[in-house]
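Visitor: Got a structure for you, structure.cif, holding mmCIF, N, CA, C and O atoms.
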```
data_query
#
loop_
_atom_site.label_atom_id
_atom_site.label_comp_id
_atom_site.auth_asym_id
_atom_site.auth_seq_id
_atom_site.Cartn_x
_atom_site.Cartn_y
_atom_site.Cartn_z
N ASP A 1 142.76 -19.04 307.13
CA ASP A 1 143.86 -19.57 306.36
C ASP A 1 145.08 -18.66 306.37
O ASP A 1 146.18 -19.10 306.15
N LEU A 2 144.84 -17.36 306.58
CA LEU A 2 145.92 -16.39 306.55
C LEU A 2 145.76 -15.41 307.70
O LEU A 2 144.69 -14.84 307.88
N VAL A 3 146.81 -15.25 308.49
CA VAL A 3 146.84 -14.27 309.56
C VAL A 3 147.94 -13.28 309.21
O VAL A 3 149.09 -13.66 309.02
N PHE A 4 147.56 -12.00 309.08
CA PHE A 4 148.52 -10.96 308.74
C PHE A 4 148.74 -10.08 309.96
O PHE A 4 147.77 -9.61 310.56
N ALA A 5 150.00 -9.86 310.33
CA ALA A 5 150.32 -9.03 311.49
C ALA A 5 151.28 -7.93 311.08
O ALA A 5 152.29 -8.18 310.43
N ASP A 6 150.95 -6.72 311.48
CA ASP A 6 151.80 -5.55 311.21
C ASP A 6 152.01 -4.84 312.55
O ASP A 6 151.46 -3.77 312.79
N PRO A 7 152.81 -5.46 313.43
CA PRO A 7 153.02 -4.85 314.75
C PRO A 7 153.87 -3.59 314.64
O PRO A 7 154.57 -3.41 313.63
N PRO A 8 153.80 -2.72 315.63
CA PRO A 8 154.68 -1.54 315.61
C PRO A 8 156.14 -1.98 315.49
O PRO A 8 156.57 -2.91 316.16
N TYR A 9 156.88 -1.34 314.58
CA TYR A 9 158.28 -1.72 314.37
C TYR A 9 159.05 -1.62 315.68
O TYR A 9 158.88 -0.68 316.44
N GLY A 10 159.91 -2.60 315.91
CA GLY A 10 160.74 -2.61 317.10
C GLY A 10 160.07 -3.20 318.32
O GLY A 10 160.67 -3.24 319.38
N LEU A 11 158.85 -3.68 318.20
CA LEU A 11 158.14 -4.25 319.34
C LEU A 11 157.88 -5.73 319.13
O LEU A 11 156.77 -6.15 318.85
N LYS A 12 158.93 -6.55 319.26
CA LYS A 12 158.78 -7.99 319.06
C LYS A 12 157.79 -8.60 320.03
O LYS A 12 157.09 -9.55 319.71
N GLU A 13 157.70 -8.04 321.25
CA GLU A 13 156.78 -8.61 322.23
C GLU A 13 155.32 -8.43 321.83
O GLU A 13 154.44 -9.05 322.39
N ALA A 14 155.05 -7.61 320.82
CA ALA A 14 153.68 -7.43 320.36
C ALA A 14 153.11 -8.74 319.84
O ALA A 14 151.90 -8.93 319.83
N LEU A 15 153.96 -9.65 319.41
CA LEU A 15 153.51 -10.96 318.93
C LEU A 15 154.06 -12.09 319.78
O LEU A 15 154.34 -13.16 319.29
N SER A 16 154.21 -11.85 321.06
CA SER A 16 154.81 -12.86 321.92
C SER A 16 153.85 -13.99 322.27
O SER A 16 154.28 -15.05 322.69
N ARG A 17 152.55 -13.77 322.12
CA ARG A 17 151.59 -14.83 322.42
C ARG A 17 151.64 -15.91 321.35
O ARG A 17 151.91 -15.62 320.19
N PRO A 18 151.38 -17.16 321.72
CA PRO A 18 151.37 -18.23 320.71
C PRO A 18 150.31 -17.95 319.64
O PRO A 18 149.16 -17.68 319.97
N VAL A 19 150.71 -17.97 318.40
CA VAL A 19 149.78 -17.69 317.31
C VAL A 19 149.49 -18.92 316.47
O VAL A 19 148.59 -18.89 315.64
N ALA A 20 150.22 -19.99 316.67
CA ALA A 20 150.01 -21.19 315.86
C ALA A 20 148.57 -21.69 315.97
O ALA A 20 148.01 -22.19 315.00
N GLY A 21 147.96 -21.53 317.14
CA GLY A 21 146.59 -21.99 317.34
C GLY A 21 145.56 -21.20 316.55
O GLY A 21 144.41 -21.62 316.43
N LEU A 22 145.95 -20.07 315.98
CA LEU A 22 145.03 -19.26 315.18
C LEU A 22 144.93 -19.75 313.75
O LEU A 22 144.01 -19.38 313.03
N LEU A 23 145.89 -20.58 313.33
CA LEU A 23 145.96 -20.99 311.92
C LEU A 23 145.19 -22.27 311.67
O LEU A 23 145.28 -23.24 312.42
N ALA A 24 144.44 -22.28 310.56
CA ALA A 24 143.82 -23.50 310.10
C ALA A 24 144.91 -24.39 309.51
O ALA A 24 146.01 -23.93 309.20
N ALA A 25 144.60 -25.66 309.33
CA ALA A 25 145.55 -26.56 308.68
C ALA A 25 145.92 -25.98 307.32
O ALA A 25 145.04 -25.60 306.55
N GLY A 26 147.20 -25.87 307.05
CA GLY A 26 147.66 -25.30 305.78
C GLY A 26 147.68 -23.78 305.76
O GLY A 26 147.98 -23.19 304.74
N GLY A 27 147.37 -23.15 306.90
CA GLY A 27 147.35 -21.69 306.98
C GLY A 27 148.75 -21.10 307.05
O GLY A 27 149.74 -21.82 307.20
N ARG A 28 148.81 -19.78 306.95
CA ARG A 28 150.09 -19.06 307.02
C ARG A 28 149.94 -17.83 307.91
O ARG A 28 148.90 -17.19 307.92
N LEU A 29 151.03 -17.52 308.60
CA LEU A 29 151.16 -16.27 309.33
C LEU A 29 152.11 -15.40 308.53
O LEU A 29 153.19 -15.84 308.14
N VAL A 30 151.72 -14.15 308.27
CA VAL A 30 152.57 -13.20 307.56
C VAL A 30 152.82 -12.03 308.50
O VAL A 30 151.88 -11.42 308.99
N VAL A 31 154.10 -11.74 308.77
CA VAL A 31 154.47 -10.66 309.67
C VAL A 31 155.26 -9.62 308.88
O VAL A 31 156.24 -9.95 308.22
N GLN A 32 154.82 -8.37 308.96
CA GLN A 32 155.53 -7.28 308.30
C GLN A 32 156.46 -6.62 309.29
O GLN A 32 156.10 -6.35 310.42
N THR A 33 157.72 -6.37 308.85
CA THR A 33 158.70 -5.68 309.68
C THR A 33 159.48 -4.69 308.83
O THR A 33 159.37 -4.68 307.61
N ASP A 34 160.29 -3.90 309.49
CA ASP A 34 161.24 -3.03 308.83
C ASP A 34 162.36 -3.90 308.25
O ASP A 34 162.65 -4.98 308.78
N ALA A 35 162.99 -3.46 307.20
CA ALA A 35 164.04 -4.24 306.53
C ALA A 35 165.20 -4.58 307.45
O ALA A 35 165.87 -5.59 307.26
N SER A 36 165.46 -3.78 308.47
CA SER A 36 166.58 -4.03 309.37
C SER A 36 166.24 -5.01 310.49
O SER A 36 167.12 -5.42 311.24
N ALA A 37 164.99 -5.42 310.60
CA ALA A 37 164.57 -6.31 311.69
C ALA A 37 164.87 -7.77 311.36
O ALA A 37 164.83 -8.19 310.20
N ALA A 38 165.15 -8.52 312.40
CA ALA A 38 165.34 -9.97 312.26
C ALA A 38 163.97 -10.65 312.30
O ALA A 38 163.02 -10.10 312.85
N PRO A 39 163.87 -11.85 311.73
CA PRO A 39 162.58 -12.54 311.79
C PRO A 39 162.25 -12.93 313.21
O PRO A 39 163.14 -13.15 314.04
N GLY A 40 160.98 -13.01 313.51
CA GLY A 40 160.55 -13.45 314.83
C GLY A 40 160.58 -14.96 314.93
O GLY A 40 160.71 -15.67 313.92
N GLU A 41 160.51 -15.45 316.14
CA GLU A 41 160.43 -16.90 316.37
C GLU A 41 159.10 -17.18 317.04
O GLU A 41 158.73 -16.53 318.02
N PHE A 42 158.37 -18.14 316.51
CA PHE A 42 157.07 -18.49 317.03
C PHE A 42 157.01 -19.99 317.30
O PHE A 42 157.34 -20.79 316.41
N PRO A 43 156.61 -20.37 318.52
CA PRO A 43 156.51 -21.80 318.83
C PRO A 43 155.58 -22.50 317.84
O PRO A 43 154.54 -21.97 317.49
N ALA A 44 155.99 -23.63 317.37
CA ALA A 44 155.22 -24.51 316.48
C ALA A 44 155.08 -23.97 315.06
O ALA A 44 154.31 -24.49 314.27
N LEU A 45 155.82 -22.90 314.72
CA LEU A 45 155.78 -22.37 313.35
C LEU A 45 157.19 -22.34 312.76
O LEU A 45 158.16 -22.09 313.47
N ASP A 46 157.28 -22.60 311.47
CA ASP A 46 158.56 -22.52 310.75
C ASP A 46 158.53 -21.36 309.78
O ASP A 46 157.52 -21.13 309.09
N LEU A 47 159.63 -20.63 309.70
CA LEU A 47 159.80 -19.57 308.71
C LEU A 47 160.01 -20.24 307.36
O LEU A 47 160.92 -21.05 307.20
N VAL A 48 159.17 -19.91 306.37
CA VAL A 48 159.27 -20.58 305.08
C VAL A 48 159.60 -19.63 303.93
O VAL A 48 159.99 -20.09 302.85
N GLU A 49 159.45 -18.32 304.15
CA GLU A 49 159.71 -17.40 303.05
C GLU A 49 159.92 -15.99 303.58
O GLU A 49 159.38 -15.61 304.62
N ARG A 50 160.70 -15.21 302.83
CA ARG A 50 160.94 -13.79 303.14
C ARG A 50 160.81 -13.02 301.84
O ARG A 50 161.40 -13.39 300.82
N ARG A 51 160.02 -11.95 301.86
CA ARG A 51 159.87 -11.09 300.68
C ARG A 51 160.14 -9.65 301.10
O ARG A 51 159.55 -9.16 302.06
N ALA A 52 161.01 -8.99 300.37
CA ALA A 52 161.36 -7.60 300.68
C ALA A 52 160.83 -6.68 299.59
O ALA A 52 160.96 -6.97 298.40
N TYR A 53 160.24 -5.58 300.04
CA TYR A 53 159.72 -4.55 299.15
C TYR A 53 160.17 -3.21 299.71
O TYR A 53 159.52 -2.66 300.61
N GLY A 54 161.30 -2.71 299.23
CA GLY A 54 161.83 -1.47 299.77
C GLY A 54 162.17 -1.63 301.24
O GLY A 54 162.90 -2.53 301.63
N ARG A 55 161.61 -0.77 302.07
CA ARG A 55 161.88 -0.81 303.51
C ARG A 55 161.04 -1.86 304.24
O ARG A 55 161.28 -2.16 305.41
N ASN A 56 160.06 -2.43 303.59
CA ASN A 56 159.18 -3.41 304.21
C ASN A 56 159.60 -4.83 303.88
O ASN A 56 159.95 -5.13 302.74
N VAL A 57 159.54 -5.70 304.89
CA VAL A 57 159.83 -7.12 304.70
C VAL A 57 158.63 -7.90 305.23
O VAL A 57 158.07 -7.58 306.28
N PHE A 58 158.25 -8.92 304.48
CA PHE A 58 157.16 -9.81 304.89
C PHE A 58 157.75 -11.19 305.14
O PHE A 58 158.42 -11.75 304.28
N TRP A 59 157.52 -11.71 306.33
CA TRP A 59 158.01 -13.02 306.76
C TRP A 59 156.81 -13.97 306.76
O TRP A 59 155.77 -13.67 307.35
N PHE A 60 156.96 -15.12 306.13
CA PHE A 60 155.88 -16.10 306.01
C PHE A 60 156.19 -17.32 306.87
O PHE A 60 157.28 -17.90 306.74
N TYR A 61 155.26 -17.68 307.70
CA TYR A 61 155.41 -18.82 308.61
C TYR A 61 154.29 -19.83 308.36
O TYR A 61 153.16 -19.43 308.04
N GLU A 62 154.61 -21.11 308.53
CA GLU A 62 153.64 -22.18 308.43
C GLU A 62 153.77 -23.09 309.64
O GLU A 62 154.84 -23.17 310.25
N PRO A 63 152.68 -23.80 309.99
CA PRO A 63 152.77 -24.73 311.12
C PRO A 63 153.88 -25.76 310.88
O PRO A 63 154.07 -26.23 309.77
N ARG A 64 154.63 -26.03 311.93
CA ARG A 64 155.73 -27.00 311.87
C ARG A 64 155.18 -28.38 311.54
O ARG A 64 154.18 -28.82 312.07
N LYS A 65 155.86 -29.03 310.62
CA LYS A 65 155.49 -30.40 310.26
C LYS A 65 155.95 -31.35 311.36
O LYS A 65 157.04 -31.24 311.86
N ALA A 66 155.12 -32.29 311.70
CA ALA A 66 155.44 -33.25 312.77
C ALA A 66 156.44 -34.29 312.32
O ALA A 66 156.72 -34.54 311.24
#
```
Can the structure from this file be put into structure tokens for me?
Guide:
Amino acid sequence: DLVFADPPYGLKEALSRPVAGLLAAGGRLVVQTDASAAPGEFPALDLVERRAYGRNVFWFYEPRKA
């Protein structure tokens, strides 16, 4: 239901593989980045939330609605 990814900062290609297939229906992908980083783009996933905690930012993605 939840996939959490904390790739090395500055390495967007670390999550370049399609991850939507890892999520169960209603699941979420959470990616942690540095505060200065832009959100990633993932095929078939929509960015639904951003939470910042000091220097850390958590980006929440859900499967795209058809």
Visitor: Could you check how far atom C of A:Thr33 sits from atom CA of A:Ala66, in Å to one decimal?
Guide: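 Separation between atom C of A:Thr33 and atom CA of A:Ala66: 29.1 Å.
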Visitor: Contacts of A:Glu49 at 4.5 Å or less, counting all atoms listed in the file, minus same-chain residues fewer than 5 places along, as JSON, numbers by chain?
Guide: {"A": [58, 59, 60]}
Visitor: May I ask which of the residues A:Ala24, A:Gln32, A:Ala5, A:Ala38 is the closest one to A:Pro63, counting all atoms listed in the file?
Guide: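 Of A:Ala24, A:Gln32, A:Ala5, A:Ala38, the one nearest A:Pro63, counting all atoms listed in the file, is A:Ala24.
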Visitor: Using only C-alpha atoms, which of the listed residues (A:Glu62, A:Val57, A:Phe4, A:Val19) sits closest to A:Leu45?
Guide: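 Result for the nearest residue to A:Leu45: A:Glu62.
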Visitor: Please return, as a ChimeraX atom specification, all residues of chain A that DSSP assigns to strand (DSSP E) on the basis of the backbone.
Guide: /A:2-5,28-34,45-53,56-63
Visitor: Which distance in Å separates atom CA of A:Ala44 and atom CA of A:Arg64, to one decimal?
Guide: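 Separating atom CA of A:Ala44 from atom CA of A:Arg64 is a distance of 5.3 Å.
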Visitor: Using only N, CA, C and O atoms, which residue out of A:Val3, A:Pro43, A:Lys65, A:Gly54 lies closest to A:Arg28?
Guide: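 That would be A:Val3, the residue with the smallest distance to A:Arg28.
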Visitor: Selected by the PyMOL selection byres (((chain A and resi 39 and name CA) around 12) and name CA) in the shown coordinates: which residues, as a list in words?
Guide: Tyr9, Gly10, Lys12, Leu15, Val30, Val31, Gln32, Thr33, Asp34, Ala35, Ser36, Ala37, Ala38, Gly40, Glu41, Phe42, Asp46, Leu47, Val48, Glu49, Arg50, Arg51, Val57, Phe58, Trp59, Phe60 and Tyr61 of chain A
Visitor: If you run DSSP on the backbone here, which positions in chain A get helix (DSSP H, G or I)? Please write them as a PyMOL selection string.
Guide: chain A and resi 12-15+20-22
Visitor: So how many Å separate atom CA of A:Leu22 and atom C of A:Tyr53, to one decimal?
Guide: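 That distance, rounded to one decimal, is 26.9 Å.
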